[in-house]
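Okay, structure first, notes after.
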Amino acid sequence: METESRARYGSHRFAPVDLDSVPQVDALLAHIGVGSFARNTVTTSLGRNDNWSGETDEGTGVFVKRFNGPDRGTRMSRTTAFCSAAGNQVTTPQLLGSDEENGLLVFARLSNGRSGAELVADDAFDERLCEEAGKALAAVHGLNPSGFDTAPHPLPPTENLQAVPFSFYTGATAAELATWRLLHGDPELAGAVRRLRQDDDVSLPSRCPIHGDMRLDQFLLAEGELYLTDFEEARIGDPARDIGAFAGEWLFQAARNIPVTLAESSPVGHVPTHEEIIATGVGEIEQRSPLVRRFYTAYLEHAPAFVRQDEGLATRAAAYAGWHMLDRMLASASSSTRLSPVSKAAAGIGRTVLLDPAEFTSSLGLEA
């Protein structure tokens, strides 16, 4: 568990890997019958895993991922299990082939795909796409659970709430240490986080296959279709985790827009009062709650009956939305030297929601 949370929050510096240094990629492409990568078409992006996207010399568009880290076998098996179960029930990029020994997966490339994060930046992730996202998540939660990982989700990392390990401390950024110092000094928040982990219990009747790492940038819009991607954390778990993470993404968007809105609406040199900041935050959340409401309504219309009958679903989802704000702060801190005001504001909102989630289901859009 420490390994996974460290991989999530540890200090990392990624660099692209030269495709020519990994001959196993072309060997796998040739094995599945699509030819080798045409080097002049290949692009790569920074991330936890190595990846290459482009066309083969036979004209097939592919996306290749190479899993890294000591747990790469587990993350790869979660991905292949998800793809196997999804079939035609969930719209995902097609898995074309795999090489377990070298941690490689080949997917069909989505032409001209735009991530959910890009769509949000352009105000293009609208209610229609939120409805499609709700349907997609309902389909995930309705998949056959056979073959899915049953290990507990590593987040929230409650083992660090008392003290961080020495190995973490020595490699942490100043922002990470500042973040954990805040959490260690807030026993109320620590208690709420622990309760959230305790609620994700094996006896929960609505446990089902979940995505496990639901973020807006896990969606890709290509050729008018919304695709769900990245299944490294897929497992059997609480469906409220995925629902809350989606709502939390919009809550985070509201928080990060507070300083922008205040700057645009205030005269030069004006220092916003606490009341102005709160009022602006409420307004930003209210603007985005219809998006979450459209998502949640579509989700409930298509979710399995045993999930819909879970009376505590919305409250737990709100709690996970609150945790998501803290999760974003921790993730951001892993590559920063200081905590940004936006991260602090987001964490403050998340704390408020996490301490009393039942009070915020309606304002977040988590109501039937």
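All residue names refer to the structure tokens as shown: chains lettered A, B, ... in order, residues numbered from 1 in each chain, ligands numbered from 1 in order.
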Could you pull the residues within 10 Å of Gly281 of chain A, counting only C-alpha atoms, minus those fewer than 5 positions along the same chain, as a tab-separated table (two decimals) with N, CA, C and O atoms, in the first residue's frame?
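Generated output (result.tsv):
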```tsv
chain	number	residue	atom	x	y	z
A	251	LEU	N	-15.79	20.32	-8.48
A	251	LEU	CA	-15.59	21.13	-7.28
A	251	LEU	C	-14.21	21.79	-7.34
A	251	LEU	O	-14.05	22.97	-6.98
A	254	ALA	N	-14.26	24.68	-9.69
A	254	ALA	CA	-14.87	25.84	-9.05
A	254	ALA	C	-13.85	26.56	-8.16
A	254	ALA	O	-13.74	27.79	-8.19
A	255	ALA	N	-13.08	25.79	-7.39
A	255	ALA	CA	-12.11	26.38	-6.48
A	255	ALA	C	-11.01	27.13	-7.23
A	255	ALA	O	-10.63	28.25	-6.85
A	256	ARG	N	-10.53	26.52	-8.31
A	256	ARG	CA	-9.42	27.16	-9.02
A	256	ARG	C	-9.88	28.41	-9.77
A	256	ARG	O	-9.05	29.24	-10.15
A	257	ASN	N	-11.18	28.56	-9.98
A	257	ASN	CA	-11.67	29.73	-10.70
A	257	ASN	C	-12.00	30.90	-9.78
A	257	ASN	O	-12.27	32.01	-10.26
A	258	ILE	N	-11.97	30.67	-8.46
A	258	ILE	CA	-12.30	31.75	-7.51
A	258	ILE	C	-11.39	32.96	-7.70
A	258	ILE	O	-11.88	34.09	-7.84
A	259	PRO	N	-10.05	32.80	-7.70
A	259	PRO	CA	-9.20	33.99	-7.86
A	259	PRO	C	-9.38	34.68	-9.21
A	259	PRO	O	-9.26	35.91	-9.30
A	261	THR	N	-12.24	34.85	-10.99
A	261	THR	CA	-13.49	35.61	-10.93
A	261	THR	C	-13.34	36.86	-10.05
A	261	THR	O	-13.83	37.94	-10.40
A	262	LEU	N	-12.65	36.71	-8.93
A	262	LEU	CA	-12.44	37.87	-8.04
A	262	LEU	C	-11.62	38.95	-8.73
A	262	LEU	O	-11.92	40.15	-8.62
A	275	GLU	N	-15.76	37.38	3.20
A	275	GLU	CA	-17.14	37.22	2.74
A	275	GLU	C	-17.21	37.19	1.20
A	275	GLU	O	-17.98	36.42	0.62
A	276	GLU	N	-16.40	38.02	0.54
A	276	GLU	CA	-16.38	38.04	-0.92
A	276	GLU	C	-15.83	36.73	-1.50
A	276	GLU	O	-16.34	36.22	-2.49
A	286	GLU	N	-22.20	26.69	-7.69
A	286	GLU	CA	-23.56	26.66	-8.23
A	286	GLU	C	-23.56	26.62	-9.75
A	286	GLU	O	-24.44	26.01	-10.36
A	287	GLN	N	-22.58	27.24	-10.38
A	287	GLN	CA	-22.49	27.21	-11.83
A	287	GLN	C	-22.23	25.81	-12.36
A	287	GLN	O	-22.66	25.46	-13.46
A	345	ALA	N	-7.03	26.63	-1.04
A	345	ALA	CA	-8.46	26.92	-1.08
A	345	ALA	C	-9.25	25.66	-1.39
A	345	ALA	O	-10.29	25.39	-0.77
A	349	ILE	N	-12.10	23.77	0.99
A	349	ILE	CA	-13.45	23.39	0.57
A	349	ILE	C	-13.65	21.89	0.77
A	349	ILE	O	-14.69	21.43	1.26
```
Show which residues sit within 7 Å of segment 31-43 of chain A, as a PyMOL selection string. Count only C-alpha atoms, and ignore same-chain residues fewer than 6 positions away.
chain A and resi 52-58+60+97
Can you list, as a CSV table (one decimal) with all heavy atoms, in the first residue's frame, all residues belonging to segment 87-222 of chain A that DSSP tags as helix (DSSP H, G or I)?
```csv
chain,number,residue,atom,x,y,z
A,116,GLY,N,-10.7,15.2,-21.5
A,116,GLY,CA,-11.7,15.9,-20.8
A,116,GLY,C,-11.1,17.2,-20.2
A,116,GLY,O,-11.8,18.2,-20.1
A,117,ALA,N,-9.8,17.2,-19.8
A,117,ALA,CA,-9.2,18.4,-19.3
A,117,ALA,C,-9.1,19.5,-20.3
A,117,ALA,O,-9.4,20.7,-20.0
A,117,ALA,CB,-7.8,18.1,-18.8
A,118,GLU,N,-8.8,19.1,-21.6
A,118,GLU,CA,-8.8,20.1,-22.7
A,118,GLU,C,-10.2,20.7,-22.9
A,118,GLU,O,-10.4,21.9,-23.2
A,118,GLU,CB,-8.3,19.5,-23.9
A,118,GLU,CG,-6.8,19.1,-23.9
A,118,GLU,CD,-6.4,18.4,-25.1
A,118,GLU,OE1,-7.1,17.4,-25.5
A,118,GLU,OE2,-5.4,18.8,-25.7
A,119,LEU,N,-11.2,19.8,-22.9
A,119,LEU,CA,-12.6,20.2,-23.1
A,119,LEU,C,-13.1,21.2,-22.0
A,119,LEU,O,-13.7,22.2,-22.3
A,119,LEU,CB,-13.5,19.0,-23.1
A,119,LEU,CG,-13.3,18.0,-24.3
A,119,LEU,CD1,-14.1,16.7,-24.1
A,119,LEU,CD2,-13.7,18.7,-25.6
A,120,VAL,N,-12.7,20.9,-20.8
A,120,VAL,CA,-13.0,21.8,-19.7
A,120,VAL,C,-12.4,23.2,-19.9
A,120,VAL,O,-13.1,24.2,-19.7
A,120,VAL,CB,-12.6,21.2,-18.3
A,120,VAL,CG1,-12.7,22.2,-17.2
A,120,VAL,CG2,-13.4,20.0,-18.0
A,121,ALA,N,-11.2,23.2,-20.3
A,121,ALA,CA,-10.5,24.5,-20.5
A,121,ALA,C,-11.1,25.3,-21.6
A,121,ALA,O,-11.1,26.5,-21.5
A,121,ALA,CB,-9.0,24.2,-20.9
A,127,GLU,N,-23.2,19.6,-20.5
A,127,GLU,CA,-24.2,18.7,-19.9
A,127,GLU,C,-24.4,17.4,-20.7
A,127,GLU,O,-24.5,16.3,-20.1
A,127,GLU,CB,-25.5,19.4,-19.6
A,127,GLU,CG,-25.5,20.5,-18.6
A,127,GLU,CD,-26.8,20.9,-18.1
A,127,GLU,OE1,-27.8,20.1,-18.2
A,127,GLU,OE2,-27.0,22.1,-17.7
A,128,ARG,N,-24.3,17.5,-22.0
A,128,ARG,CA,-24.5,16.3,-22.8
A,128,ARG,C,-23.3,15.3,-22.6
A,128,ARG,O,-23.6,14.1,-22.4
A,128,ARG,CB,-24.5,16.7,-24.3
A,128,ARG,CG,-24.7,15.4,-25.2
A,128,ARG,CD,-24.6,15.8,-26.7
A,128,ARG,NE,-23.2,16.1,-27.0
A,128,ARG,CZ,-22.3,15.2,-27.3
A,128,ARG,NH1,-22.5,13.9,-27.2
A,128,ARG,NH2,-21.0,15.5,-27.6
A,129,LEU,N,-22.1,15.8,-22.5
A,129,LEU,CA,-21.0,15.0,-22.2
A,129,LEU,C,-21.0,14.4,-20.8
A,129,LEU,O,-20.6,13.3,-20.5
A,129,LEU,CB,-19.7,15.7,-22.5
A,129,LEU,CG,-19.4,16.0,-24.0
A,129,LEU,CD1,-18.0,16.7,-24.1
A,129,LEU,CD2,-19.4,14.8,-24.8
A,130,CYS,N,-21.5,15.3,-19.9
A,130,CYS,CA,-21.6,14.8,-18.5
A,130,CYS,C,-22.6,13.6,-18.4
A,130,CYS,O,-22.5,12.7,-17.7
A,130,CYS,CB,-22.1,15.9,-17.6
A,130,CYS,SG,-20.7,17.1,-17.2
A,131,GLU,N,-23.7,13.7,-19.2
A,131,GLU,CA,-24.7,12.6,-19.3
A,131,GLU,C,-24.0,11.4,-19.8
A,131,GLU,O,-24.2,10.3,-19.3
A,131,GLU,CB,-25.9,13.0,-20.2
A,131,GLU,CG,-26.9,12.0,-20.3
A,131,GLU,CD,-28.1,12.4,-21.1
A,131,GLU,OE1,-28.3,13.6,-21.2
A,131,GLU,OE2,-28.8,11.5,-21.6
A,132,GLU,N,-23.2,11.5,-20.9
A,132,GLU,CA,-22.5,10.4,-21.5
A,132,GLU,C,-21.5,9.8,-20.5
A,132,GLU,O,-21.4,8.6,-20.4
A,132,GLU,CB,-21.8,10.8,-22.7
A,132,GLU,CG,-22.7,11.2,-23.9
A,132,GLU,CD,-23.7,10.0,-24.3
A,132,GLU,OE1,-23.2,8.9,-24.4
A,132,GLU,OE2,-24.9,10.3,-24.4
A,133,ALA,N,-20.9,10.6,-19.7
A,133,ALA,CA,-20.0,10.2,-18.7
A,133,ALA,C,-20.7,9.4,-17.6
A,133,ALA,O,-20.2,8.3,-17.1
A,133,ALA,CB,-19.2,11.3,-18.0
A,134,GLY,N,-21.9,9.8,-17.2
A,134,GLY,CA,-22.7,9.1,-16.2
A,134,GLY,C,-23.1,7.7,-16.7
A,134,GLY,O,-23.1,6.7,-16.0
A,135,LYS,N,-23.5,7.7,-18.0
A,135,LYS,CA,-23.9,6.4,-18.6
A,135,LYS,C,-22.7,5.4,-18.6
A,135,LYS,O,-22.8,4.2,-18.4
A,135,LYS,CB,-24.4,6.6,-20.0
A,135,LYS,CG,-25.7,7.3,-20.1
A,135,LYS,CD,-26.1,7.5,-21.6
A,135,LYS,CE,-27.4,8.3,-21.7
A,135,LYS,NZ,-27.8,8.5,-23.1
A,136,ALA,N,-21.5,6.0,-19.0
A,136,ALA,CA,-20.3,5.2,-19.1
A,136,ALA,C,-19.9,4.6,-17.7
A,136,ALA,O,-19.6,3.4,-17.6
A,136,ALA,CB,-19.1,6.0,-19.6
A,137,LEU,N,-20.0,5.4,-16.7
A,137,LEU,CA,-19.6,5.0,-15.3
A,137,LEU,C,-20.6,3.9,-14.8
A,137,LEU,O,-20.3,2.9,-14.2
A,137,LEU,CB,-19.6,6.1,-14.4
A,137,LEU,CG,-19.0,5.8,-13.0
A,137,LEU,CD1,-17.6,5.2,-13.2
A,137,LEU,CD2,-18.9,7.0,-12.1
A,138,ALA,N,-21.9,4.1,-15.2
A,138,ALA,CA,-22.9,3.1,-14.8
A,138,ALA,C,-22.6,1.8,-15.5
A,138,ALA,O,-22.8,0.7,-14.8
A,138,ALA,CB,-24.3,3.6,-15.2
A,139,ALA,N,-22.2,1.8,-16.7
A,139,ALA,CA,-21.8,0.6,-17.4
A,139,ALA,C,-20.6,-0.1,-16.7
A,139,ALA,O,-20.6,-1.3,-16.6
A,139,ALA,CB,-21.5,0.9,-18.9
A,140,VAL,N,-19.6,0.7,-16.3
A,140,VAL,CA,-18.5,0.1,-15.6
A,140,VAL,C,-18.9,-0.6,-14.3
A,140,VAL,O,-18.5,-1.7,-14.0
A,140,VAL,CB,-17.5,1.2,-15.2
A,140,VAL,CG1,-16.4,0.7,-14.3
A,140,VAL,CG2,-16.8,1.8,-16.5
A,141,HIS,N,-19.8,0.0,-13.6
A,141,HIS,CA,-20.3,-0.5,-12.3
A,141,HIS,C,-21.2,-1.7,-12.5
A,141,HIS,O,-21.4,-2.5,-11.5
A,141,HIS,CB,-21.0,0.5,-11.5
A,141,HIS,CG,-20.1,1.6,-11.0
A,141,HIS,ND1,-20.5,2.8,-10.4
A,141,HIS,CD2,-18.7,1.8,-11.1
A,141,HIS,CE1,-19.5,3.6,-10.1
A,141,HIS,NE2,-18.4,3.0,-10.5
A,158,THR,N,-4.3,6.4,4.8
A,158,THR,CA,-4.5,6.7,6.2
A,158,THR,C,-3.2,6.4,7.0
A,158,THR,O,-3.0,6.9,8.1
A,158,THR,CB,-5.7,5.9,6.8
A,158,THR,OG1,-5.5,4.5,6.4
A,158,THR,CG2,-7.0,6.5,6.2
A,159,GLU,N,-2.4,5.5,6.5
A,159,GLU,CA,-1.2,5.1,7.2
A,159,GLU,C,-0.2,6.3,7.4
A,159,GLU,O,0.6,6.3,8.3
A,159,GLU,CB,-0.4,4.0,6.5
A,159,GLU,CG,0.3,4.3,5.2
A,159,GLU,CD,-0.6,4.3,4.0
A,159,GLU,OE1,-1.9,4.2,4.2
A,159,GLU,OE2,-0.1,4.4,2.9
A,160,ASN,N,-0.4,7.3,6.6
A,160,ASN,CA,0.5,8.5,6.7
A,160,ASN,C,-0.1,9.6,7.6
A,160,ASN,O,0.5,10.6,7.8
A,160,ASN,CB,0.7,9.1,5.3
A,160,ASN,CG,1.7,8.3,4.5
A,160,ASN,OD1,2.2,7.3,5.0
A,160,ASN,ND2,1.9,8.7,3.3
A,166,PHE,N,10.1,7.5,7.0
A,166,PHE,CA,11.3,8.2,6.8
A,166,PHE,C,11.7,8.2,5.3
A,166,PHE,O,12.3,9.3,4.8
A,166,PHE,CB,12.4,7.6,7.7
A,166,PHE,CG,13.8,8.2,7.5
A,166,PHE,CD1,14.0,9.5,8.2
A,166,PHE,CD2,14.8,7.7,6.8
A,166,PHE,CE1,15.2,10.1,8.1
A,166,PHE,CE2,16.0,8.3,6.7
A,166,PHE,CZ,16.3,9.5,7.3
A,167,SER,N,11.5,7.1,4.6
A,167,SER,CA,11.8,7.1,3.2
A,167,SER,C,11.1,8.1,2.4
A,167,SER,O,11.6,8.7,1.4
A,167,SER,CB,11.5,5.7,2.7
A,167,SER,OG,10.2,5.3,2.8
A,168,PHE,N,9.9,8.4,2.8
A,168,PHE,CA,9.1,9.4,2.1
A,168,PHE,C,9.6,10.8,2.5
A,168,PHE,O,9.8,11.7,1.6
A,168,PHE,CB,7.6,9.3,2.5
A,168,PHE,CG,6.7,10.3,1.9
A,168,PHE,CD1,6.0,10.0,0.7
A,168,PHE,CD2,6.5,11.6,2.4
A,168,PHE,CE1,5.1,10.9,0.1
A,168,PHE,CE2,5.7,12.5,1.8
A,168,PHE,CZ,5.0,12.2,0.7
A,169,TYR,N,9.9,11.0,3.8
A,169,TYR,CA,10.3,12.3,4.3
A,169,TYR,C,11.6,12.8,3.6
A,169,TYR,O,11.7,13.9,3.2
A,169,TYR,CB,10.6,12.2,5.8
A,169,TYR,CG,11.0,13.5,6.4
A,169,TYR,CD1,10.1,14.5,6.8
A,169,TYR,CD2,12.4,13.8,6.6
A,169,TYR,CE1,10.5,15.7,7.4
A,169,TYR,CE2,12.8,14.9,7.2
A,169,TYR,CZ,11.9,15.9,7.6
A,169,TYR,OH,12.3,17.0,8.1
A,170,THR,N,12.5,11.9,3.4
A,170,THR,CA,13.8,12.2,2.8
A,170,THR,C,13.8,12.6,1.3
A,170,THR,O,14.6,13.3,0.8
A,170,THR,CB,14.9,11.1,3.0
A,170,THR,OG1,14.3,9.9,2.4
A,170,THR,CG2,15.2,10.9,4.5
A,171,GLY,N,12.7,12.1,0.6
A,171,GLY,CA,12.6,12.4,-0.8
A,171,GLY,C,11.5,13.4,-1.1
A,171,GLY,O,11.2,13.7,-2.3
A,174,ALA,N,9.2,20.3,-0.5
A,174,ALA,CA,8.8,21.2,0.6
A,174,ALA,C,7.3,21.3,0.7
A,174,ALA,O,6.7,21.4,1.8
A,174,ALA,CB,9.4,22.6,0.4
A,175,ALA,N,6.7,21.3,-0.5
A,175,ALA,CA,5.2,21.4,-0.5
A,175,ALA,C,4.6,20.2,0.1
A,175,ALA,O,3.5,20.3,0.7
A,175,ALA,CB,4.7,21.7,-2.0
A,176,GLU,N,5.1,19.0,-0.2
A,176,GLU,CA,4.6,17.8,0.3
A,176,GLU,C,4.7,17.8,1.9
A,176,GLU,O,3.7,17.4,2.6
A,176,GLU,CB,5.4,16.6,-0.2
A,176,GLU,CG,5.0,16.2,-1.6
A,176,GLU,CD,5.8,15.0,-2.1
A,176,GLU,OE1,7.0,15.1,-2.1
A,176,GLU,OE2,5.2,14.0,-2.5
A,177,LEU,N,5.8,18.2,2.4
A,177,LEU,CA,6.0,18.2,3.8
A,177,LEU,C,5.0,19.2,4.5
A,177,LEU,O,4.4,19.0,5.5
A,177,LEU,CB,7.4,18.6,4.2
A,177,LEU,CG,8.5,17.6,3.8
A,177,LEU,CD1,9.9,18.0,4.1
A,177,LEU,CD2,8.2,16.2,4.4
A,178,ALA,N,4.8,20.4,3.8
A,178,ALA,CA,3.9,21.4,4.3
A,178,ALA,C,2.4,20.8,4.3
A,178,ALA,O,1.7,21.1,5.2
A,178,ALA,CB,3.9,22.6,3.4
A,179,THR,N,2.1,20.0,3.3
A,179,THR,CA,0.8,19.5,3.2
A,179,THR,C,0.5,18.5,4.3
A,179,THR,O,-0.5,18.5,5.0
A,179,THR,CB,0.6,18.7,1.8
A,179,THR,OG1,0.8,19.7,0.8
A,179,THR,CG2,-0.8,18.1,1.7
A,180,TRP,N,1.5,17.6,4.5
A,180,TRP,CA,1.3,16.6,5.6
A,180,TRP,C,1.3,17.2,7.0
A,180,TRP,O,0.7,16.8,7.9
A,180,TRP,CB,2.3,15.5,5.5
A,180,TRP,CG,2.0,14.5,4.3
A,180,TRP,CD1,2.6,14.4,3.1
A,180,TRP,CD2,0.9,13.6,4.3
A,180,TRP,NE1,2.0,13.5,2.4
A,180,TRP,CE2,0.9,13.0,3.1
A,180,TRP,CE3,-0.1,13.3,5.3
A,180,TRP,CZ2,0.0,12.0,2.7
A,180,TRP,CZ3,-1.0,12.3,4.9
A,180,TRP,CH2,-1.0,11.7,3.7
A,181,ARG,N,2.1,18.3,7.1
A,181,ARG,CA,2.1,19.1,8.4
A,181,ARG,C,0.7,19.6,8.7
A,181,ARG,O,0.2,19.6,9.8
A,181,ARG,CB,3.1,20.2,8.3
A,181,ARG,CG,3.4,20.8,9.7
A,181,ARG,CD,4.5,21.9,9.5
A,181,ARG,NE,5.8,21.3,9.0
A,181,ARG,CZ,6.3,21.6,7.8
A,181,ARG,NH1,5.7,22.5,7.0
A,181,ARG,NH2,7.4,21.1,7.5
A,182,LEU,N,0.0,20.1,7.6
A,182,LEU,CA,-1.4,20.6,7.8
A,182,LEU,C,-2.3,19.5,8.2
A,182,LEU,O,-3.1,19.6,9.1
A,182,LEU,CB,-1.9,21.2,6.5
A,182,LEU,CG,-1.3,22.6,6.1
A,182,LEU,CD1,-1.7,23.0,4.7
A,182,LEU,CD2,-1.6,23.6,7.1
A,183,LEU,N,-2.2,18.3,7.5
A,183,LEU,CA,-3.0,17.2,7.9
A,183,LEU,C,-2.8,16.6,9.3
A,183,LEU,O,-3.7,16.3,10.0
A,183,LEU,CB,-2.8,16.1,6.8
A,183,LEU,CG,-3.3,16.4,5.4
A,183,LEU,CD1,-2.9,15.3,4.4
A,183,LEU,CD2,-4.7,16.8,5.3
A,184,HIS,N,-1.5,16.6,9.7
A,184,HIS,CA,-1.2,16.1,11.0
A,184,HIS,C,-1.7,17.0,12.1
A,184,HIS,O,-1.9,16.6,13.2
A,184,HIS,CB,0.3,15.9,11.1
A,184,HIS,CG,0.9,14.8,10.3
A,184,HIS,ND1,2.2,14.7,9.9
A,184,HIS,CD2,0.3,13.7,9.7
A,184,HIS,CE1,2.4,13.7,9.2
A,184,HIS,NE2,1.2,13.1,9.0
A,187,PRO,N,-6.9,17.0,13.6
A,187,PRO,CA,-7.4,15.7,14.0
A,187,PRO,C,-8.8,15.4,13.5
A,187,PRO,O,-9.2,14.3,13.2
A,187,PRO,CB,-7.4,15.7,15.5
A,187,PRO,CG,-7.2,17.2,15.9
A,187,PRO,CD,-6.5,17.8,14.8
A,188,GLU,N,-9.6,16.5,13.4
A,188,GLU,CA,-11.0,16.3,12.8
A,188,GLU,C,-11.0,15.8,11.4
A,188,GLU,O,-11.7,14.9,11.0
A,188,GLU,CB,-11.7,17.7,12.9
A,188,GLU,CG,-12.4,18.0,14.1
A,188,GLU,CD,-13.4,19.2,14.0
A,188,GLU,OE1,-12.9,20.3,13.7
A,188,GLU,OE2,-14.6,19.0,14.1
A,189,LEU,N,-10.1,16.4,10.6
A,189,LEU,CA,-10.0,16.0,9.2
A,189,LEU,C,-9.4,14.6,9.1
A,189,LEU,O,-9.9,13.7,8.3
A,189,LEU,CB,-9.1,16.9,8.4
A,189,LEU,CG,-8.9,16.6,7.0
A,189,LEU,CD1,-10.2,16.6,6.2
A,189,LEU,CD2,-7.9,17.7,6.3
A,190,ALA,N,-8.4,14.3,9.9
A,190,ALA,CA,-7.8,12.9,9.9
A,190,ALA,C,-8.9,11.9,10.3
A,190,ALA,O,-9.0,10.8,9.7
A,190,ALA,CB,-6.7,12.9,10.9
A,191,GLY,N,-9.8,12.2,11.3
A,191,GLY,CA,-10.8,11.3,11.6
A,191,GLY,C,-11.8,11.1,10.5
A,191,GLY,O,-12.3,9.9,10.3
A,192,ALA,N,-12.1,12.1,9.7
A,192,ALA,CA,-13.1,12.0,8.6
A,192,ALA,C,-12.5,11.1,7.5
A,192,ALA,O,-13.1,10.3,6.9
A,192,ALA,CB,-13.4,13.4,8.1
A,193,VAL,N,-11.2,11.3,7.3
A,193,VAL,CA,-10.5,10.5,6.3
A,193,VAL,C,-10.5,9.0,6.7
A,193,VAL,O,-10.7,8.1,5.8
A,193,VAL,CB,-9.1,11.0,6.0
A,193,VAL,CG1,-8.3,10.1,5.1
A,193,VAL,CG2,-9.1,12.4,5.4
A,194,ARG,N,-10.2,8.8,7.9
A,194,ARG,CA,-10.2,7.4,8.4
A,194,ARG,C,-11.6,6.8,8.3
A,194,ARG,O,-11.8,5.6,7.9
A,194,ARG,CB,-9.7,7.3,9.8
A,194,ARG,CG,-8.2,7.6,10.0
A,194,ARG,CD,-7.8,7.2,11.4
A,194,ARG,NE,-6.3,7.5,11.5
A,194,ARG,CZ,-5.8,8.6,12.0
A,194,ARG,NH1,-6.5,9.6,12.5
A,194,ARG,NH2,-4.5,8.7,12.1
A,195,ARG,N,-12.6,7.5,8.6
A,195,ARG,CA,-14.0,7.0,8.4
A,195,ARG,C,-14.3,6.7,7.0
A,195,ARG,O,-15.0,5.7,6.7
A,195,ARG,CB,-15.0,8.0,9.0
A,195,ARG,CG,-15.0,8.1,10.5
A,195,ARG,CD,-16.3,8.9,11.0
A,195,ARG,NE,-16.3,10.3,10.5
A,195,ARG,CZ,-15.6,11.3,11.2
A,195,ARG,NH1,-14.9,11.0,12.3
A,195,ARG,NH2,-15.7,12.5,10.7
A,196,LEU,N,-13.8,7.5,6.1
A,196,LEU,CA,-14.0,7.2,4.7
A,196,LEU,C,-13.4,5.9,4.3
A,196,LEU,O,-14.0,5.1,3.5
A,196,LEU,CB,-13.4,8.4,3.8
A,196,LEU,CG,-13.8,8.4,2.3
A,196,LEU,CD1,-15.3,8.5,2.1
A,196,LEU,CD2,-13.0,9.5,1.7
A,197,ARG,N,-12.2,5.6,4.7
A,197,ARG,CA,-11.6,4.3,4.5
A,197,ARG,C,-12.4,3.2,5.1
A,197,ARG,O,-12.6,2.1,4.5
A,197,ARG,CB,-10.2,4.3,5.0
A,197,ARG,CG,-9.2,4.9,4.0
A,197,ARG,CD,-9.1,4.1,2.7
A,197,ARG,NE,-8.5,2.8,2.8
A,197,ARG,CZ,-7.2,2.6,2.7
A,197,ARG,NH1,-6.4,3.6,2.4
A,197,ARG,NH2,-6.7,1.4,2.8
A,198,GLN,N,-12.9,3.4,6.3
A,198,GLN,CA,-13.6,2.4,7.0
A,198,GLN,C,-15.0,2.0,6.3
A,198,GLN,O,-15.4,0.9,6.3
A,198,GLN,CB,-13.9,2.8,8.5
A,198,GLN,CG,-12.6,2.8,9.3
A,198,GLN,CD,-12.8,3.6,10.6
A,198,GLN,OE1,-14.0,4.0,10.9
A,198,GLN,NE2,-11.8,3.7,11.4
A,199,ASP,N,-15.6,3.1,5.7
A,199,ASP,CA,-16.8,2.9,5.0
A,199,ASP,C,-16.7,2.0,3.7
A,199,ASP,O,-17.6,1.4,3.2
A,199,ASP,CB,-17.4,4.2,4.6
A,199,ASP,CG,-18.0,5.0,5.8
A,199,ASP,OD1,-18.2,4.3,6.8
A,199,ASP,OD2,-18.3,6.2,5.7
A,216,LEU,N,-11.4,13.9,-15.0
A,216,LEU,CA,-11.9,14.4,-16.3
A,216,LEU,C,-11.0,14.0,-17.4
A,216,LEU,O,-11.4,13.8,-18.5
A,216,LEU,CB,-12.2,15.9,-16.2
A,216,LEU,CG,-13.4,16.3,-15.3
A,216,LEU,CD1,-13.4,17.8,-15.2
A,216,LEU,CD2,-14.7,15.8,-15.9
A,217,ASP,N,-9.7,14.0,-17.1
A,217,ASP,CA,-8.7,13.7,-18.2
A,217,ASP,C,-8.6,12.2,-18.5
A,217,ASP,O,-7.9,11.8,-19.4
A,217,ASP,CB,-7.3,14.3,-17.9
A,217,ASP,CG,-6.7,13.8,-16.7
A,217,ASP,OD1,-7.3,12.9,-16.0
A,217,ASP,OD2,-5.6,14.3,-16.3
A,218,GLN,N,-9.4,11.4,-17.8
A,218,GLN,CA,-9.5,10.0,-18.2
A,218,GLN,C,-10.6,9.8,-19.3
A,218,GLN,O,-10.7,8.7,-19.8
A,218,GLN,CB,-9.9,9.1,-17.0
A,218,GLN,CG,-9.1,9.3,-15.8
A,218,GLN,CD,-7.7,8.8,-15.9
A,218,GLN,OE1,-7.1,8.9,-17.0
A,218,GLN,NE2,-7.1,8.2,-14.9
```
Just want the 9 Å neighbourhood of Ala319 of chain A, counted on only C-alpha atoms, with same-chain residues fewer than 6 positions away dropped. Output as a list in words.
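Near Ala319 of chain A, the qualifying residues are Ala192, Val193, Leu196, Ala240, Arg241, Gly244, Gly350, Val353, Leu354, Leu355, Asp356, Pro357, Ala358 and Phe360 of chain A.
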Here atom CA of Pro145 of chain A and atom CA of Phe231 of chain A stand apart by 14.3 Å
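Nearest residue to Gln309 of chain A among A:Gly348, A:Gly212, A:Pro290, A:Pro205 is A:Pro205, counting only C-alpha atoms.
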Nearest to Thr361 of chain A, restricted to only C-alpha atoms and choosing among A:Val292, A:Leu330, A:Leu96, A:Ala298, comes out as A:Val292
Considering only C-alpha atoms, can you say which of A:Leu291, A:Leu104, A:Leu95, A:Val62 comes closest to Asp126 of chain A?
A:Leu291
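Scanning segment 141-360 of chain A with DSSP on the backbone, the strand (DSSP E or B) assignments fall on Cys208, Pro209, Ile210, Phe219, Leu220, Leu221, Ala222, Glu225, Leu226, Tyr227, Leu228, Arg235, Ile236 and Gly237 of chain A.
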Considering only C-alpha atoms, can you say which of A:Met214, A:Leu364, A:Gly147, A:Phe63 comes closest to Ile285 of chain A?
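Closest to Ile285 of chain A, using only C-alpha atoms: A:Leu364.
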Top pick for closest residue to Leu228 of chain A, considering A:Val22, A:Leu105, A:Val342, A:Ala86 and counting only C-alpha atoms:
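Result for the nearest residue to Leu228 of chain A: A:Ala86.
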